[in-house]
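The structure file protein18.cif is reproduced below (mmCIF, C-alpha atoms).
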```cif
data_run
#
loop_
_atom_site.label_atom_id
_atom_site.label_comp_id
_atom_site.auth_asym_id
_atom_site.auth_seq_id
_atom_site.Cartn_x
_atom_site.Cartn_y
_atom_site.Cartn_z
CA THR V 192 2.69 5.79 17.40
CA HIS V 193 3.13 9.46 16.53
CA PRO V 194 4.97 12.22 18.43
CA ARG V 195 1.96 14.55 17.97
CA ALA V 196 -0.47 12.07 19.55
CA GLN V 197 -0.82 14.07 22.77
CA GLU V 198 -1.58 17.38 21.05
CA ASN V 199 -3.94 15.92 18.43
CA PRO V 200 -5.30 12.54 19.63
CA ALA V 201 -8.23 12.68 17.20
CA VAL V 202 -5.74 12.35 14.32
CA HIS V 203 -2.67 10.62 15.76
CA GLY V 204 -2.35 7.59 18.01
CA ASP V 205 0.28 6.60 20.53
CA SER V 206 -0.26 2.87 20.99
CA GLY V 207 0.00 1.29 17.54
CA PRO V 208 2.80 -0.96 16.32
CA ILE V 209 3.84 1.38 13.48
CA SER V 210 6.00 4.37 14.29
CA VAL V 211 5.14 7.51 12.31
CA ALA V 212 6.83 10.92 12.42
CA ARG V 213 7.88 13.76 10.15
CA LEU V 214 11.07 13.08 8.22
CA ASP V 215 12.80 15.93 10.08
CA HIS V 216 11.90 14.46 13.51
CA PRO V 217 14.82 13.39 15.76
CA GLN V 218 13.63 9.75 15.69
CA HIS V 219 14.68 9.75 12.02
CA GLY V 220 17.93 11.54 12.81
CA SER V 221 16.41 14.70 11.29
CA ALA V 222 16.83 12.99 7.91
CA ALA V 223 15.04 15.59 5.78
CA HIS V 224 17.53 16.75 3.14
CA VAL V 225 18.43 20.43 2.80
CA VAL V 226 16.75 20.38 -0.63
CA THR V 227 13.51 19.33 1.07
CA HIS V 228 13.68 22.34 3.38
CA THR V 229 14.50 24.59 0.40
CA PHE V 230 11.50 23.21 -1.52
CA VAL V 231 9.18 23.91 1.43
CA ASP V 232 10.60 27.43 1.84
CA ALA V 233 10.10 28.12 -1.88
CA GLY V 234 6.47 26.99 -1.70
CA ILE V 235 5.85 29.30 1.24
CA ALA V 236 7.56 32.18 -0.59
CA LEU V 237 5.10 31.59 -3.47
CA GLY V 238 2.20 32.04 -1.07
CA HIS V 239 1.33 28.46 -0.19
CA PRO V 240 0.56 27.92 3.50
CA ARG V 241 3.00 25.97 5.66
CA ASN V 242 1.62 22.64 6.81
CA GLU V 243 3.20 21.27 9.97
CA ASP V 244 0.91 18.22 10.16
CA PHE V 245 -0.45 16.52 7.04
CA GLY V 246 -2.44 14.17 9.25
CA ALA V 247 -4.60 17.11 10.34
CA GLY V 248 -5.02 18.58 6.84
CA LEU V 249 -3.66 18.25 3.33
CA VAL V 250 -3.43 21.90 2.24
CA GLY V 251 -0.02 23.54 2.05
CA VAL V 252 3.63 22.59 1.85
CA GLY V 253 5.63 20.86 4.52
CA ILE V 254 7.65 17.85 5.45
CA ASN V 255 5.68 14.63 5.32
CA ASP V 256 5.43 11.82 7.82
CA VAL V 257 7.18 8.53 7.19
CA ASN V 258 6.61 5.10 8.71
CA ALA V 259 10.02 4.31 10.17
CA ALA V 260 11.89 3.79 13.41
CA LYS V 261 15.60 3.50 14.11
CA GLY V 262 16.40 3.79 10.41
CA ARG V 263 14.08 0.95 9.32
CA ARG V 264 10.76 1.25 7.56
CA CYS V 265 7.69 0.13 9.50
CA SER V 266 5.12 -1.83 7.54
CA ALA V 267 2.02 -3.99 7.81
CA ALA V 268 4.33 -6.72 9.11
CA ALA V 269 3.95 -5.07 12.53
CA TYR V 270 0.25 -6.00 12.53
CA LEU V 271 0.99 -9.45 11.13
CA ARG V 272 3.42 -10.06 13.99
CA ARG V 273 0.68 -9.08 16.50
CA ALA V 274 -1.60 -11.69 14.91
CA ASN V 275 1.22 -14.29 14.78
CA ALA V 276 0.81 -14.39 11.01
CA CYS V 277 4.23 -13.09 9.96
CA PRO V 278 6.44 -15.80 8.43
CA LYS V 279 9.52 -16.51 10.51
CA SER V 280 13.01 -16.39 9.05
CA GLY V 281 13.38 -19.12 6.43
CA GLU V 282 9.61 -19.73 6.13
CA LEU V 283 7.63 -18.94 2.97
CA SER V 284 4.20 -18.83 4.61
CA SER V 285 2.42 -18.50 7.90
CA ARG V 286 -1.17 -19.06 9.00
CA ALA V 287 -3.13 -17.54 11.88
CA GLY V 288 -6.82 -18.39 12.03
CA ASN V 289 -8.34 -17.64 8.61
CA LEU V 290 -5.37 -15.52 7.49
CA GLU V 291 -2.51 -16.98 5.49
CA VAL V 292 0.51 -14.91 4.49
CA ARG V 293 2.66 -16.17 1.60
CA LEU V 294 6.01 -14.75 0.61
CA LEU V 295 7.30 -14.80 -2.98
CA THR V 296 3.70 -15.03 -4.19
CA GLN V 297 2.15 -12.47 -6.50
CA VAL V 298 -1.55 -12.05 -7.24
CA THR V 299 -1.98 -11.81 -11.02
CA ARG V 300 -5.74 -11.25 -11.20
CA VAL V 301 -9.01 -11.41 -9.32
CA LEU V 302 -11.39 -14.25 -10.28
CA PHE V 303 -15.08 -13.46 -10.79
CA ASN V 304 -18.13 -15.70 -11.16
CA SER V 305 -20.88 -15.31 -13.78
CA SER V 306 -22.64 -12.79 -11.50
CA LYS V 307 -19.49 -10.64 -11.51
CA GLN V 308 -18.77 -11.35 -7.84
CA ALA V 309 -15.14 -11.76 -6.79
CA VAL V 310 -14.67 -15.39 -5.77
CA GLY V 311 -10.89 -15.79 -5.57
CA VAL V 312 -7.51 -14.86 -6.97
CA GLU V 313 -4.97 -16.26 -9.37
CA VAL V 314 -1.44 -16.25 -7.95
CA CYS V 315 2.04 -17.10 -9.15
CA GLU V 316 4.22 -18.65 -6.49
CA ASP V 317 7.99 -18.34 -6.45
CA ALA V 318 7.35 -15.15 -8.40
CA HIS V 319 11.09 -14.41 -8.53
CA ASP V 320 11.92 -17.66 -10.38
CA GLU V 321 11.55 -18.43 -14.08
CA GLY V 322 9.79 -21.68 -13.20
CA LYS V 323 7.00 -19.99 -11.28
CA ARG V 324 3.81 -21.94 -10.56
CA CYS V 325 0.45 -20.26 -11.11
CA ARG V 326 -2.71 -21.48 -9.44
CA ARG V 327 -6.14 -20.32 -8.36
CA ILE V 328 -7.19 -19.79 -4.77
CA ARG V 329 -10.93 -19.72 -4.09
CA ALA V 330 -12.31 -17.59 -1.28
CA ARG V 331 -14.69 -19.16 1.23
CA HIS V 332 -16.46 -15.89 2.03
CA GLU V 333 -15.04 -12.79 0.34
CA VAL V 334 -12.08 -11.31 -1.50
CA VAL V 335 -10.46 -8.24 0.03
CA LEU V 336 -8.32 -6.32 -2.44
CA CYS V 337 -5.74 -4.23 -0.61
CA GLY V 338 -2.83 -3.72 -2.98
CA GLY V 339 -2.51 0.01 -2.41
CA ALA V 340 -3.04 2.94 -4.75
CA VAL V 341 -1.06 1.35 -7.60
CA ASN V 342 -1.49 -2.42 -7.32
CA SER V 343 -5.25 -2.45 -6.58
CA PRO V 344 -6.26 -0.72 -9.85
CA HIS V 345 -3.56 -2.69 -11.69
CA LEU V 346 -5.11 -5.98 -10.50
CA LEU V 347 -8.59 -4.79 -11.43
CA LEU V 348 -7.38 -3.90 -14.92
CA LEU V 349 -5.67 -7.29 -15.33
CA SER V 350 -8.95 -8.87 -14.20
CA GLY V 351 -11.02 -7.11 -16.86
CA VAL V 352 -12.39 -4.29 -14.74
CA GLY V 353 -11.63 -0.84 -16.15
CA PRO V 354 -11.89 1.32 -19.28
CA ARG V 355 -13.04 -0.85 -22.20
CA ALA V 356 -10.67 0.71 -24.76
CA GLN V 357 -7.64 0.26 -22.51
CA LEU V 358 -8.50 -3.37 -21.70
CA GLU V 359 -9.19 -4.27 -25.34
CA ALA V 360 -5.93 -2.62 -26.45
CA HIS V 361 -4.10 -5.12 -24.24
CA GLY V 362 -6.21 -8.12 -25.18
CA ILE V 363 -7.89 -8.37 -21.78
CA PRO V 364 -11.53 -9.57 -21.89
CA VAL V 365 -13.83 -6.87 -20.48
CA LEU V 366 -15.77 -7.92 -17.39
CA ALA V 367 -16.92 -4.42 -16.43
CA ASP V 368 -16.38 -1.17 -18.36
CA LEU V 369 -15.41 1.23 -15.55
CA PRO V 370 -13.56 4.27 -16.90
CA GLY V 371 -12.36 5.49 -13.49
CA VAL V 372 -10.21 2.45 -12.69
CA GLY V 373 -6.56 3.46 -12.86
CA ALA V 374 -7.41 7.11 -13.56
CA SER V 375 -6.49 10.15 -11.47
CA MET V 376 -3.18 8.69 -10.38
CA GLN V 377 -0.86 11.44 -9.23
CA ASP V 378 2.61 11.21 -7.86
CA HIS V 379 2.99 12.88 -4.48
CA LEU V 380 6.23 14.79 -4.66
CA HIS V 381 8.80 13.90 -2.04
CA VAL V 382 12.06 15.74 -2.33
#
```

Could you show the structure in this file as structure tokens?
Amino acid sequence: THPRAQENPAVHGDSGPISVARLDHPQHGSAAHVVTHTFVDAGIALGHPRNEDFGAGLVGVGINDVNAAKGRRCSAAAYLRRANACPKSGELSSRAGNLEVRLLTQVTRVLFNSSKQAVGVEVCEDAHDEGKRCRRIRARHEVVLCGGAVNSPHLLLLSGVGPRAQLEAHGIPVLADLPGVGASMQDHLHV
């Protein structure tokens, strides 16, 4: 849900399980730091346009939205709860239909067949322990890689998909020489 949903329903919704609002919105206790406001003012003084809503456009300087409510970050767990797939307190996994969620489990690489199709993943369970157990999980239908802007390219690189020179420098067998994997990463400044 977003406080601007009524004025811009094409961009913002008002019925989802994740609460989103600018950091200076009252639902966050107007948490934007004075330095953030000073940074925005400086950008405007330099001629950059003010942006009041980054959901509607990315040009300019302004205060960004955050996924939080009542001082706590909102995450994909909200959708997992709706699907009854969020592990309960004390549980390490939960299953709902064809979806299984595992805590303390880290994907270490994507597995490919001889036709270069993703067929599964290698995971390490109890990833926080020294005695972690690694195993392979085969997909019945497809592999969906959704590790975000950092972890998705990282997993592809660990799996042999990326710039040949970079993979070879780390001793990773090259499955596909794709120079763009892991490139163009830019930090988005948040003061």

What's around Cys265 (chain V) at 9 Å? Count all atoms listed in the file, leave out sequence neighbours fewer than 2 positions away in its own chain, and write the answer as a PDB file with C-alpha atoms, keeping the file's coordinate frame.
```pdb
ATOM      1  CA  PRO V 208       2.800  -0.960  16.320  1.00  0.00           C
ATOM      2  CA  ILE V 209       3.840   1.380  13.480  1.00  0.00           C
ATOM      3  CA  SER V 210       6.000   4.370  14.290  1.00  0.00           C
ATOM      4  CA  VAL V 211       5.140   7.510  12.310  1.00  0.00           C
ATOM      5  CA  VAL V 257       7.180   8.530   7.190  1.00  0.00           C
ATOM      6  CA  ASN V 258       6.610   5.100   8.710  1.00  0.00           C
ATOM      7  CA  ALA V 259      10.020   4.310  10.170  1.00  0.00           C
ATOM      8  CA  ALA V 260      11.890   3.790  13.410  1.00  0.00           C
ATOM      9  CA  ARG V 263      14.080   0.950   9.320  1.00  0.00           C
ATOM     10  CA  ALA V 267       2.020  -3.990   7.810  1.00  0.00           C
ATOM     11  CA  ALA V 268       4.330  -6.720   9.110  1.00  0.00           C
ATOM     12  CA  ALA V 269       3.950  -5.070  12.530  1.00  0.00           C
TER      13      ALA V 269
END
```

- Task: Apply the PyMOL selection byres ((chain V and resi 303) around 12) to the structure shown and report the selected residues as an MDAnalysis selection string.
- Result: chainID V and resid 300:302 304:313 327:330 333:334 347 350:352 365:367

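Within 12 Å of Ser375 (chain V), once all atoms listed in the file are used and residues closer than 5 positions along the same chain are dropped, the contacting residues are Ala340, Val341, Pro344 and Pro370 of chain V.
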
- Kindly indicate which residue among V:Ser343, V:Cys277, V:Gly253, V:Gly220 lies nearest to Ala233 (chain V), using all atoms listed in the file for the distances. V:Gly253

- Hits of the PyMOL selection byres ((chain V and resi 215) around 10) in this structure, as a PyMOL selection string: chain V and resi 212-214+216-224+227-228+254-257

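Among the candidates V:Gly204, V:Gly339, V:Gly234, V:Gly262, the residue lying nearest to Val250 (chain V) is V:Gly234 (atoms considered: only C-alpha atoms).
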
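Counting all atoms listed in the file and comparing V:Gly251, V:His193, V:Pro200, V:Glu282, the residue that lies closest to Asp232 (chain V) is V:Gly251.
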
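Each of V:Leu283, V:Leu358, V:Met376, V:Val226 was checked against Asn342 (chain V) using only C-alpha atoms; the smallest atom-to-atom distance is that of V:Met376.
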
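Note that the spacing between CA of Asn289 (chain V) and CA of Val314 (chain V) amounts to 18.0 Å.
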
- Task: Apply the PyMOL selection byres ((chain V and resi 372) around 7) to the displayed file and report the matching residues as JSON, numbers by chain.
- Result: {"V": [344, 353, 354, 369, 370, 371, 373, 374]}

- Message: I'd like the neighbourhood of Arg286 (chain V) as a PyMOL selection string, where a residue qualifies if any of its atoms comes within 9 Å (using only C-alpha atoms), though same-chain residues fewer than 5 positions away should be ignored.
- Response: chain V and resi 275-278+291-293

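Interatomic distance, CA of Val298 (chain V) to CA of Glu316 (chain V): 8.8 Å.
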
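The gap separating CA of Ser206 (chain V) from CA of Thr192 (chain V) is 5.5 Å, in Å to one decimal.
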
Kindly output region 202-236 of chain V as a PDB file, in the coordinates of the input, after building N, CA and C atoms.
```pdb
ATOM      1  N   VAL V 202      -6.390  12.653  15.605  1.00  0.00           N
ATOM      2  CA  VAL V 202      -5.740  12.350  14.320  1.00  0.00           C
ATOM      3  C   VAL V 202      -4.608  11.347  14.479  1.00  0.00           C
ATOM      4  N   HIS V 203      -3.858  11.452  15.572  1.00  0.00           N
ATOM      5  CA  HIS V 203      -2.670  10.620  15.760  1.00  0.00           C
ATOM      6  C   HIS V 203      -2.812   9.731  16.992  1.00  0.00           C
ATOM      7  N   GLY V 204      -2.309   8.519  16.896  1.00  0.00           N
ATOM      8  CA  GLY V 204      -2.350   7.590  18.010  1.00  0.00           C
ATOM      9  C   GLY V 204      -0.991   7.436  18.660  1.00  0.00           C
ATOM     10  N   ASP V 205      -0.988   6.814  19.842  1.00  0.00           N
ATOM     11  CA  ASP V 205       0.280   6.600  20.530  1.00  0.00           C
ATOM     12  C   ASP V 205       0.470   5.163  21.010  1.00  0.00           C
ATOM     13  N   SER V 206      -0.380   4.247  20.500  1.00  0.00           N
ATOM     14  CA  SER V 206      -0.260   2.870  20.990  1.00  0.00           C
ATOM     15  C   SER V 206      -0.162   1.832  19.884  1.00  0.00           C
ATOM     16  N   GLY V 207      -0.065   2.253  18.638  1.00  0.00           N
ATOM     17  CA  GLY V 207       0.000   1.290  17.540  1.00  0.00           C
ATOM     18  C   GLY V 207       1.390   0.735  17.324  1.00  0.00           C
ATOM     19  N   PRO V 208       1.501  -0.319  16.541  1.00  0.00           N
ATOM     20  CA  PRO V 208       2.800  -0.960  16.320  1.00  0.00           C
ATOM     21  C   PRO V 208       3.654  -0.275  15.242  1.00  0.00           C
ATOM     22  N   ILE V 209       3.087   0.710  14.536  1.00  0.00           N
ATOM     23  CA  ILE V 209       3.840   1.380  13.480  1.00  0.00           C
ATOM     24  C   ILE V 209       4.214   2.780  13.949  1.00  0.00           C
ATOM     25  N   SER V 210       5.502   3.067  13.879  1.00  0.00           N
ATOM     26  CA  SER V 210       6.000   4.370  14.290  1.00  0.00           C
ATOM     27  C   SER V 210       5.928   5.335  13.117  1.00  0.00           C
ATOM     28  N   VAL V 211       5.321   6.507  13.351  1.00  0.00           N
ATOM     29  CA  VAL V 211       5.140   7.510  12.310  1.00  0.00           C
ATOM     30  C   VAL V 211       5.613   8.854  12.838  1.00  0.00           C
ATOM     31  N   ALA V 212       6.396   9.570  12.044  1.00  0.00           N
ATOM     32  CA  ALA V 212       6.830  10.920  12.420  1.00  0.00           C
ATOM     33  C   ALA V 212       7.322  11.636  11.175  1.00  0.00           C
ATOM     34  N   ARG V 213       7.352  12.975  11.261  1.00  0.00           N
ATOM     35  CA  ARG V 213       7.880  13.760  10.150  1.00  0.00           C
ATOM     36  C   ARG V 213       9.323  13.350   9.879  1.00  0.00           C
ATOM     37  N   LEU V 214       9.727  13.482   8.627  1.00  0.00           N
ATOM     38  CA  LEU V 214      11.070  13.080   8.220  1.00  0.00           C
ATOM     39  C   LEU V 214      12.150  13.898   8.933  1.00  0.00           C
ATOM     40  N   ASP V 215      11.808  15.108   9.382  1.00  0.00           N
ATOM     41  CA  ASP V 215      12.800  15.930  10.080  1.00  0.00           C
ATOM     42  C   ASP V 215      12.753  15.729  11.605  1.00  0.00           C
ATOM     43  N   HIS V 216      12.003  14.747  12.078  1.00  0.00           N
ATOM     44  CA  HIS V 216      11.900  14.460  13.510  1.00  0.00           C
ATOM     45  C   HIS V 216      13.186  13.767  13.996  1.00  0.00           C
ATOM     46  N   PRO V 217      13.596  14.027  15.232  1.00  0.00           N
ATOM     47  CA  PRO V 217      14.820  13.390  15.760  1.00  0.00           C
ATOM     48  C   PRO V 217      14.813  11.860  15.689  1.00  0.00           C
ATOM     49  N   GLN V 218      13.635  11.220  15.751  1.00  0.00           N
ATOM     50  CA  GLN V 218      13.630   9.750  15.690  1.00  0.00           C
ATOM     51  C   GLN V 218      14.131   9.245  14.339  1.00  0.00           C
ATOM     52  N   HIS V 219      14.127  10.110  13.333  1.00  0.00           N
ATOM     53  CA  HIS V 219      14.680   9.750  12.020  1.00  0.00           C
ATOM     54  C   HIS V 219      16.061  10.372  11.836  1.00  0.00           C
ATOM     55  N   GLY V 220      16.626  10.884  12.911  1.00  0.00           N
ATOM     56  CA  GLY V 220      17.930  11.540  12.810  1.00  0.00           C
ATOM     57  C   GLY V 220      17.834  12.830  12.006  1.00  0.00           C
ATOM     58  N   SER V 221      16.643  13.465  12.060  1.00  0.00           N
ATOM     59  CA  SER V 221      16.410  14.700  11.290  1.00  0.00           C
ATOM     60  C   SER V 221      16.861  14.514   9.844  1.00  0.00           C
ATOM     61  N   ALA V 222      16.351  13.447   9.218  1.00  0.00           N
ATOM     62  CA  ALA V 222      16.830  12.990   7.910  1.00  0.00           C
ATOM     63  C   ALA V 222      16.379  13.824   6.718  1.00  0.00           C
ATOM     64  N   ALA V 223      15.489  14.785   6.917  1.00  0.00           N
ATOM     65  CA  ALA V 223      15.040  15.590   5.780  1.00  0.00           C
ATOM     66  C   ALA V 223      16.236  16.319   5.174  1.00  0.00           C
ATOM     67  N   HIS V 224      16.408  16.172   3.874  1.00  0.00           N
ATOM     68  CA  HIS V 224      17.530  16.750   3.140  1.00  0.00           C
ATOM     69  C   HIS V 224      17.372  18.264   3.058  1.00  0.00           C
ATOM     70  N   VAL V 225      18.472  18.976   2.922  1.00  0.00           N
ATOM     71  CA  VAL V 225      18.430  20.430   2.800  1.00  0.00           C
ATOM     72  C   VAL V 225      17.587  20.861   1.599  1.00  0.00           C
ATOM     73  N   VAL V 226      17.570  20.053   0.543  1.00  0.00           N
ATOM     74  CA  VAL V 226      16.750  20.380  -0.630  1.00  0.00           C
ATOM     75  C   VAL V 226      15.265  20.321  -0.266  1.00  0.00           C
ATOM     76  N   THR V 227      14.895  19.406   0.618  1.00  0.00           N
ATOM     77  CA  THR V 227      13.510  19.330   1.070  1.00  0.00           C
ATOM     78  C   THR V 227      13.117  20.628   1.774  1.00  0.00           C
ATOM     79  N   HIS V 228      13.963  21.090   2.667  1.00  0.00           N
ATOM     80  CA  HIS V 228      13.680  22.340   3.380  1.00  0.00           C
ATOM     81  C   HIS V 228      13.626  23.516   2.394  1.00  0.00           C
ATOM     82  N   THR V 229      14.502  23.532   1.407  1.00  0.00           N
ATOM     83  CA  THR V 229      14.500  24.590   0.400  1.00  0.00           C
ATOM     84  C   THR V 229      13.221  24.566  -0.413  1.00  0.00           C
ATOM     85  N   PHE V 230      12.754  23.363  -0.763  1.00  0.00           N
ATOM     86  CA  PHE V 230      11.500  23.210  -1.520  1.00  0.00           C
ATOM     87  C   PHE V 230      10.329  23.764  -0.717  1.00  0.00           C
ATOM     88  N   VAL V 231      10.256  23.427   0.558  1.00  0.00           N
ATOM     89  CA  VAL V 231       9.180  23.910   1.430  1.00  0.00           C
ATOM     90  C   VAL V 231       9.246  25.440   1.525  1.00  0.00           C
ATOM     91  N   ASP V 232      10.437  25.978   1.745  1.00  0.00           N
ATOM     92  CA  ASP V 232      10.600  27.430   1.840  1.00  0.00           C
ATOM     93  C   ASP V 232      10.171  28.127   0.553  1.00  0.00           C
ATOM     94  N   ALA V 233      10.482  27.531  -0.594  1.00  0.00           N
ATOM     95  CA  ALA V 233      10.100  28.120  -1.880  1.00  0.00           C
ATOM     96  C   ALA V 233       8.576  28.120  -2.036  1.00  0.00           C
ATOM     97  N   GLY V 234       7.930  27.046  -1.629  1.00  0.00           N
ATOM     98  CA  GLY V 234       6.470  26.990  -1.700  1.00  0.00           C
ATOM     99  C   GLY V 234       5.822  28.062  -0.837  1.00  0.00           C
ATOM    100  N   ILE V 235       6.372  28.272   0.338  1.00  0.00           N
ATOM    101  CA  ILE V 235       5.850  29.300   1.240  1.00  0.00           C
ATOM    102  C   ILE V 235       6.079  30.685   0.635  1.00  0.00           C
ATOM    103  N   ALA V 236       7.259  30.896   0.046  1.00  0.00           N
ATOM    104  CA  ALA V 236       7.560  32.180  -0.590  1.00  0.00           C
ATOM    105  C   ALA V 236       6.598  32.468  -1.749  1.00  0.00           C
TER     106      ALA V 236
END
```
